[in-house]
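A quick write-up on the structure given underneath.
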Amino acid sequence: MPGTQRTLEGRVALVAGATRGAGRGIAVQLGARGATVYVSGRSTRGKRSEYDRPETIEETAELVTAAGGRGIAVVADHLVPAEVEALVGRIDAEQGRLDVLVNDIWGGERLFEWDSTVWEHDLDKGLRLMRLAVETHAVTSHFALPLMLREPGGLVVEMTDGTTEYNASNYRVSFFYDIAKSSVLRMAFALGHELGPRGATAVALTPGWLRSEMMLDNFGVTEENWRDALAKVPHFAISETPSYVGRAVAALAADPEVARWNGRSLSSGQLAQEYGFTDLDGSRPDCWRYMVEVQDPGRPADTTGYR
């Protein structure tokens with residue numbers, strides 16, 4: 001199985017925002033290929049973040065190690081430059097290199113308001129969402145990229161929601177959410193211009209409809225019985241596990257020709273077709289094509305040909 005080939009031994013990754021969801025899935029799949037993975041976040045066994053959820057960075061690090069890599073948990077608030085600088089300094093001191101940076105910091109699930117205009121949306125929540133989703137990525141890249149650029153072949157993955165093509169023509173949730181996710185897409189484009197001539201690659205990557213811990217809780221299901229949610233939300237049939245986008249990042253990191261993607265917007269479903277990996281159940285969900293061709297036009301839920 002592609003997710004278990006040890007093609008990243010000797011490589012060092014930082015997954016910023018790896019406590020849960022896509023970040024955890026990415027960290028574990030990088031570990032499954034043998035990488036050393038630093039996982040950062042604010043939720044620890046000793047102190048929860050504002051999310052007040054049970055997932056912790058220590059747990060993520062243990063899952064990375066159990067998968068075959070080496071997981072190292074580091075507490076860091078990526079809105080605090082000194083903490084990010086210290087995190088990168090530790091990676092430099094312990095490893096002397098950084099091969100993969102995944103900017104997955106988000107933290108906005110409890111801040112955005114669906115279909116709320118900029119004048120109706122809670123301003124403090126909207127501005128904090130933008131800081132968490134955009135400023136954190138900039139701070140992390142500022143400190144981490146000099147270490148990455150010491151050796152050629154580095155990879156930066158900017159995690160977002162939606163492809164450039166989809167977001168360009170679709171209003172995403174609300175003003176603040178829309179701007180935040182589109183900003184991260186543009187970050188990858190800008191980083192591509194700055195990193196490409198220096199021997200590194202930057203991409204934007206979106207999962208599809210993610211069966212994260214919070215999403216499963218919202219539907220009142222678990223990963224084992226997630227299909228029970230289809231009775232209420234039939235289009236949830238196109239959803240995917242965090243491991244799927246994790247395998248997408250692992251495939252990119254192991255690709256000696258990854259520079260061909262520089263500056264581009266990618267999706268987990270698109271890369272599954274390119275690299276041949278699957279989700280945990282052996283399927284290949286192609287959520288964004290499904291959204292355009294089935295869900296958005298109002299057609300009945302039917303994933304035939306889309307997973």
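By order of appearance in the structure tokens: chains A, B, ..., then residues from 1 within every chain, and ligands from 1 in the order shown.
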
**Request:** From the DSSP assignment of the backbone, select every residue of range 27-125 of chain A that is strand (DSSP E), and format the answer as an NGL selection string.
**Result:** :A and (36-41 or 70-75 or 100-103)

Could you please write out, as a CSV table (one decimal) with N, CA, C and O atoms, in the first residue's frame, every residue of range 156-265 of chain A that DSSP assigns to alpha helix (DSSP H)?
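Output contents, as saved in selection_5.csv:
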```csv
chain,number,residue,atom,x,y,z
A,164,THR,N,-8.5,26.7,-6.1
A,164,THR,CA,-8.5,28.0,-6.7
A,164,THR,C,-9.7,28.2,-7.6
A,164,THR,O,-10.4,29.2,-7.6
A,165,GLU,N,-9.9,27.2,-8.5
A,165,GLU,CA,-10.9,27.2,-9.5
A,165,GLU,C,-12.3,27.3,-8.8
A,165,GLU,O,-13.2,28.1,-9.2
A,166,TYR,N,-12.5,26.4,-7.8
A,166,TYR,CA,-13.9,26.4,-7.2
A,166,TYR,C,-14.1,27.6,-6.4
A,166,TYR,O,-15.2,28.2,-6.5
A,167,ASN,N,-13.2,28.1,-5.6
A,167,ASN,CA,-13.4,29.3,-4.8
A,167,ASN,C,-13.5,30.5,-5.6
A,167,ASN,O,-14.1,31.5,-5.1
A,168,ALA,N,-13.0,30.6,-6.8
A,168,ALA,CA,-13.0,31.8,-7.6
A,168,ALA,C,-14.5,32.1,-8.1
A,168,ALA,O,-14.8,33.2,-8.3
A,169,SER,N,-15.3,31.0,-8.1
A,169,SER,CA,-16.7,31.2,-8.6
A,169,SER,C,-17.7,30.8,-7.6
A,169,SER,O,-18.9,30.8,-8.0
A,175,PHE,N,-18.2,36.1,4.5
A,175,PHE,CA,-17.1,37.0,4.1
A,175,PHE,C,-15.8,36.6,4.7
A,175,PHE,O,-14.8,36.5,4.0
A,176,PHE,N,-15.8,36.4,6.0
A,176,PHE,CA,-14.5,36.2,6.7
A,176,PHE,C,-13.9,34.8,6.3
A,176,PHE,O,-12.7,34.6,6.1
A,177,TYR,N,-14.8,33.8,6.2
A,177,TYR,CA,-14.3,32.5,5.8
A,177,TYR,C,-13.8,32.5,4.4
A,177,TYR,O,-12.8,31.9,4.1
A,178,ASP,N,-14.6,33.1,3.5
A,178,ASP,CA,-14.2,33.2,2.1
A,178,ASP,C,-12.9,33.8,1.9
A,178,ASP,O,-12.0,33.3,1.2
A,179,ILE,N,-12.6,34.9,2.6
A,179,ILE,CA,-11.4,35.7,2.4
A,179,ILE,C,-10.2,34.8,3.0
A,179,ILE,O,-9.1,34.8,2.4
A,180,ALA,N,-10.5,34.2,4.1
A,180,ALA,CA,-9.4,33.4,4.8
A,180,ALA,C,-8.9,32.3,3.9
A,180,ALA,O,-7.7,32.1,3.7
A,181,LYS,N,-9.9,31.5,3.4
A,181,LYS,CA,-9.5,30.3,2.6
A,181,LYS,C,-8.9,30.7,1.3
A,181,LYS,O,-8.0,30.1,0.8
A,182,SER,N,-9.4,31.8,0.7
A,182,SER,CA,-8.8,32.3,-0.6
A,182,SER,C,-7.4,32.8,-0.4
A,182,SER,O,-6.6,32.7,-1.3
A,183,SER,N,-7.2,33.5,0.8
A,183,SER,CA,-5.9,34.0,1.1
A,183,SER,C,-4.8,32.9,1.1
A,183,SER,O,-3.7,33.1,0.7
A,184,VAL,N,-5.2,31.8,1.7
A,184,VAL,CA,-4.2,30.7,1.8
A,184,VAL,C,-3.9,30.1,0.5
A,184,VAL,O,-2.7,29.8,0.2
A,185,LEU,N,-4.9,30.1,-0.4
A,185,LEU,CA,-4.6,29.6,-1.8
A,185,LEU,C,-3.6,30.6,-2.4
A,185,LEU,O,-2.7,30.1,-3.1
A,186,ARG,N,-3.8,31.9,-2.3
A,186,ARG,CA,-2.8,32.8,-2.9
A,186,ARG,C,-1.5,32.7,-2.2
A,186,ARG,O,-0.4,33.0,-2.9
A,187,MET,N,-1.4,32.4,-0.9
A,187,MET,CA,-0.1,32.2,-0.3
A,187,MET,C,0.7,31.2,-1.0
A,187,MET,O,1.9,31.4,-1.2
A,188,ALA,N,0.1,30.1,-1.4
A,188,ALA,CA,0.9,29.0,-2.1
A,188,ALA,C,1.4,29.5,-3.4
A,188,ALA,O,2.5,29.2,-3.8
A,189,PHE,N,0.6,30.3,-4.1
A,189,PHE,CA,1.0,30.9,-5.4
A,189,PHE,C,2.2,31.8,-5.2
A,189,PHE,O,3.2,31.7,-5.9
A,190,ALA,N,2.1,32.7,-4.2
A,190,ALA,CA,3.2,33.6,-3.9
A,190,ALA,C,4.5,32.9,-3.4
A,190,ALA,O,5.6,33.2,-3.9
A,191,LEU,N,4.3,31.9,-2.5
A,191,LEU,CA,5.4,31.1,-2.1
A,191,LEU,C,6.1,30.4,-3.2
A,191,LEU,O,7.3,30.2,-3.3
A,192,GLY,N,5.3,29.9,-4.2
A,192,GLY,CA,5.8,29.3,-5.4
A,192,GLY,C,6.8,30.1,-6.1
A,192,GLY,O,7.9,29.7,-6.6
A,193,HIS,N,6.5,31.4,-6.2
A,193,HIS,CA,7.4,32.3,-6.9
A,193,HIS,C,8.6,32.6,-6.1
A,193,HIS,O,9.7,32.8,-6.7
A,194,GLU,N,8.5,32.6,-4.8
A,194,GLU,CA,9.7,32.9,-4.0
A,194,GLU,C,10.6,31.6,-3.8
A,194,GLU,O,11.8,31.7,-3.7
A,195,LEU,N,9.9,30.4,-3.7
A,195,LEU,CA,10.7,29.2,-3.4
A,195,LEU,C,11.2,28.5,-4.7
A,195,LEU,O,12.3,27.9,-4.7
A,213,GLU,N,-12.7,14.7,13.5
A,213,GLU,CA,-13.4,14.4,14.8
A,213,GLU,C,-14.6,15.3,15.0
A,213,GLU,O,-15.6,14.8,15.5
A,214,MET,N,-14.4,16.5,14.7
A,214,MET,CA,-15.5,17.5,15.0
A,214,MET,C,-16.7,17.3,14.0
A,214,MET,O,-17.8,17.4,14.4
A,215,MET,N,-16.4,16.9,12.8
A,215,MET,CA,-17.5,16.7,11.8
A,215,MET,C,-18.3,15.5,12.2
A,215,MET,O,-19.5,15.5,12.2
A,216,LEU,N,-17.6,14.4,12.6
A,216,LEU,CA,-18.3,13.2,13.1
A,216,LEU,C,-19.1,13.5,14.3
A,216,LEU,O,-20.3,13.0,14.4
A,217,ASP,N,-18.6,14.3,15.2
A,217,ASP,CA,-19.4,14.6,16.4
A,217,ASP,C,-20.6,15.4,16.0
A,217,ASP,O,-21.7,15.2,16.6
A,218,ASN,N,-20.4,16.4,15.1
A,218,ASN,CA,-21.6,17.2,14.6
A,218,ASN,C,-22.7,16.3,14.1
A,218,ASN,O,-23.9,16.7,14.2
A,219,PHE,N,-22.3,15.2,13.4
A,219,PHE,CA,-23.3,14.4,12.8
A,219,PHE,C,-23.8,13.3,13.8
A,219,PHE,O,-24.7,12.5,13.5
A,242,PRO,N,-9.3,11.8,7.2
A,242,PRO,CA,-8.1,12.6,7.2
A,242,PRO,C,-6.9,11.9,6.7
A,242,PRO,O,-5.9,12.6,6.2
A,243,SER,N,-6.9,10.6,6.7
A,243,SER,CA,-5.8,9.8,6.1
A,243,SER,C,-5.6,10.0,4.6
A,243,SER,O,-4.5,9.9,4.1
A,244,TYR,N,-6.7,10.3,4.0
A,244,TYR,CA,-6.7,10.5,2.5
A,244,TYR,C,-5.9,11.7,2.1
A,244,TYR,O,-4.9,11.5,1.3
A,245,VAL,N,-6.1,12.8,2.7
A,245,VAL,CA,-5.3,14.0,2.4
A,245,VAL,C,-3.9,13.8,3.0
A,245,VAL,O,-2.9,14.3,2.4
A,246,GLY,N,-3.8,13.0,4.0
A,246,GLY,CA,-2.5,12.7,4.6
A,246,GLY,C,-1.6,11.9,3.6
A,246,GLY,O,-0.4,12.2,3.4
A,247,ARG,N,-2.2,11.0,2.9
A,247,ARG,CA,-1.5,10.2,1.9
A,247,ARG,C,-1.2,11.1,0.7
A,247,ARG,O,-0.2,10.9,0.0
A,248,ALA,N,-2.0,12.1,0.4
A,248,ALA,CA,-1.7,13.1,-0.7
A,248,ALA,C,-0.4,13.8,-0.3
A,248,ALA,O,0.5,14.0,-1.2
A,249,VAL,N,-0.3,14.3,0.9
A,249,VAL,CA,0.9,15.0,1.3
A,249,VAL,C,2.1,14.1,1.2
A,249,VAL,O,3.2,14.4,0.8
A,250,ALA,N,2.0,12.9,1.7
A,250,ALA,CA,3.1,11.9,1.7
A,250,ALA,C,3.5,11.6,0.3
A,250,ALA,O,4.7,11.5,0.0
A,251,ALA,N,2.6,11.5,-0.6
A,251,ALA,CA,2.9,11.2,-2.0
A,251,ALA,C,3.7,12.4,-2.6
A,251,ALA,O,4.7,12.2,-3.3
A,252,LEU,N,3.3,13.6,-2.3
A,252,LEU,CA,4.0,14.8,-2.8
A,252,LEU,C,5.4,14.8,-2.2
A,252,LEU,O,6.4,15.1,-3.0
A,253,ALA,N,5.5,14.6,-0.9
A,253,ALA,CA,6.8,14.6,-0.3
A,253,ALA,C,7.8,13.6,-0.8
A,253,ALA,O,9.0,13.8,-0.8
A,254,ALA,N,7.3,12.5,-1.3
A,254,ALA,CA,8.1,11.4,-1.8
A,254,ALA,C,8.4,11.5,-3.3
A,254,ALA,O,9.2,10.7,-3.9
```

**Item:** Selection near Ser174 in chain A, 7 Å with only C-alpha atoms, sequence-local residues under 3 positions removed, as JSON, numbers by chain
**Value:** {"A": [113, 114, 115, 116, 117, 177, 178]}

Just C-alpha atoms for this one: save the residues we selected as a PDB file, in the first residue's frame.
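That gives us selection37.pdb:
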```pdb
ATOM      1  CA  GLU A 113     -21.201  32.193  10.982  1.00  0.00           C
ATOM      2  CA  TRP A 114     -22.933  30.586   7.992  1.00  0.00           C
ATOM      3  CA  ASP A 115     -24.327  32.991   5.383  1.00  0.00           C
ATOM      4  CA  SER A 116     -23.689  35.985   7.638  1.00  0.00           C
ATOM      5  CA  THR A 117     -22.777  39.251   5.908  1.00  0.00           C
ATOM      6  CA  TYR A 177     -14.340  32.455   5.829  1.00  0.00           C
ATOM      7  CA  ASP A 178     -14.227  33.166   2.101  1.00  0.00           C
TER       8      ASP A 178
END
```

**Asked** Leaving out Arg198 in chain A and any residue of its chain fewer than 2 positions from it, which residues lie within 12 Å of it when counting only C-alpha atoms, given as a PyMOL selection string?
**Response** chain A and resi 145-146+148-155+191-196+200-202+259+262

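Excluding Pro234 in chain A itself and same-chain residues fewer than 3 positions from it, the residues having an atom within 9 Å of it are Ala229, Leu230, Ala231, Ala237, Ile238, Pro300, Ala301 and Asp302 of chain A, counting only C-alpha atoms.
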
**Message:** Using only C-alpha atoms for the distances, tell me which of A:Arg24, A:Arg90, A:Arg227, A:Arg299 is nearest to Val102 in chain A.
**Reply:** A:Arg24

With range 95-100 of chain A as the partner and 12 Å as the cut-off, tabulate the residues of range 11-60 of chain A that qualify, each row holding the nearest pair of atoms and their distance in Å to one decimal, using only C-alpha atoms, sorted by chain and rising number, as a Markdown table.
```
| residue | atom | partner | partner_atom | distance |
| --- | --- | --- | --- | --- |
| A:Arg11 | CA | A:Asp99 | CA | 6.0 |
| A:Val12 | CA | A:Leu98 | CA | 5.2 |
| A:Ala13 | CA | A:Val100 | CA | 4.4 |
| A:Leu14 | CA | A:Val100 | CA | 6.2 |
| A:Val15 | CA | A:Val100 | CA | 8.1 |
| A:Ala16 | CA | A:Val100 | CA | 10.7 |
| A:Ile26 | CA | A:Val100 | CA | 11.2 |
| A:Ala27 | CA | A:Val100 | CA | 10.7 |
| A:Leu30 | CA | A:Val100 | CA | 9.6 |
| A:Ala35 | CA | A:Val100 | CA | 9.7 |
| A:Thr36 | CA | A:Gln95 | CA | 9.2 |
| A:Val37 | CA | A:Val100 | CA | 9.0 |
| A:Tyr38 | CA | A:Leu98 | CA | 10.0 |
| A:Val39 | CA | A:Val100 | CA | 11.9 |
```

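CA of Met159 in chain A is positioned 15.1 Å from CA of Gly41 in chain A.
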
**Message:** I'd like the contact shell of range 45-49 of chain A - 12 Å cut-off, only C-alpha atoms, skipping same-chain residues fewer than 2 positions apart - returned as a PyMOL selection string.
**Reply:** chain A and resi 17+19+41-43+51-60+73+75-77+107
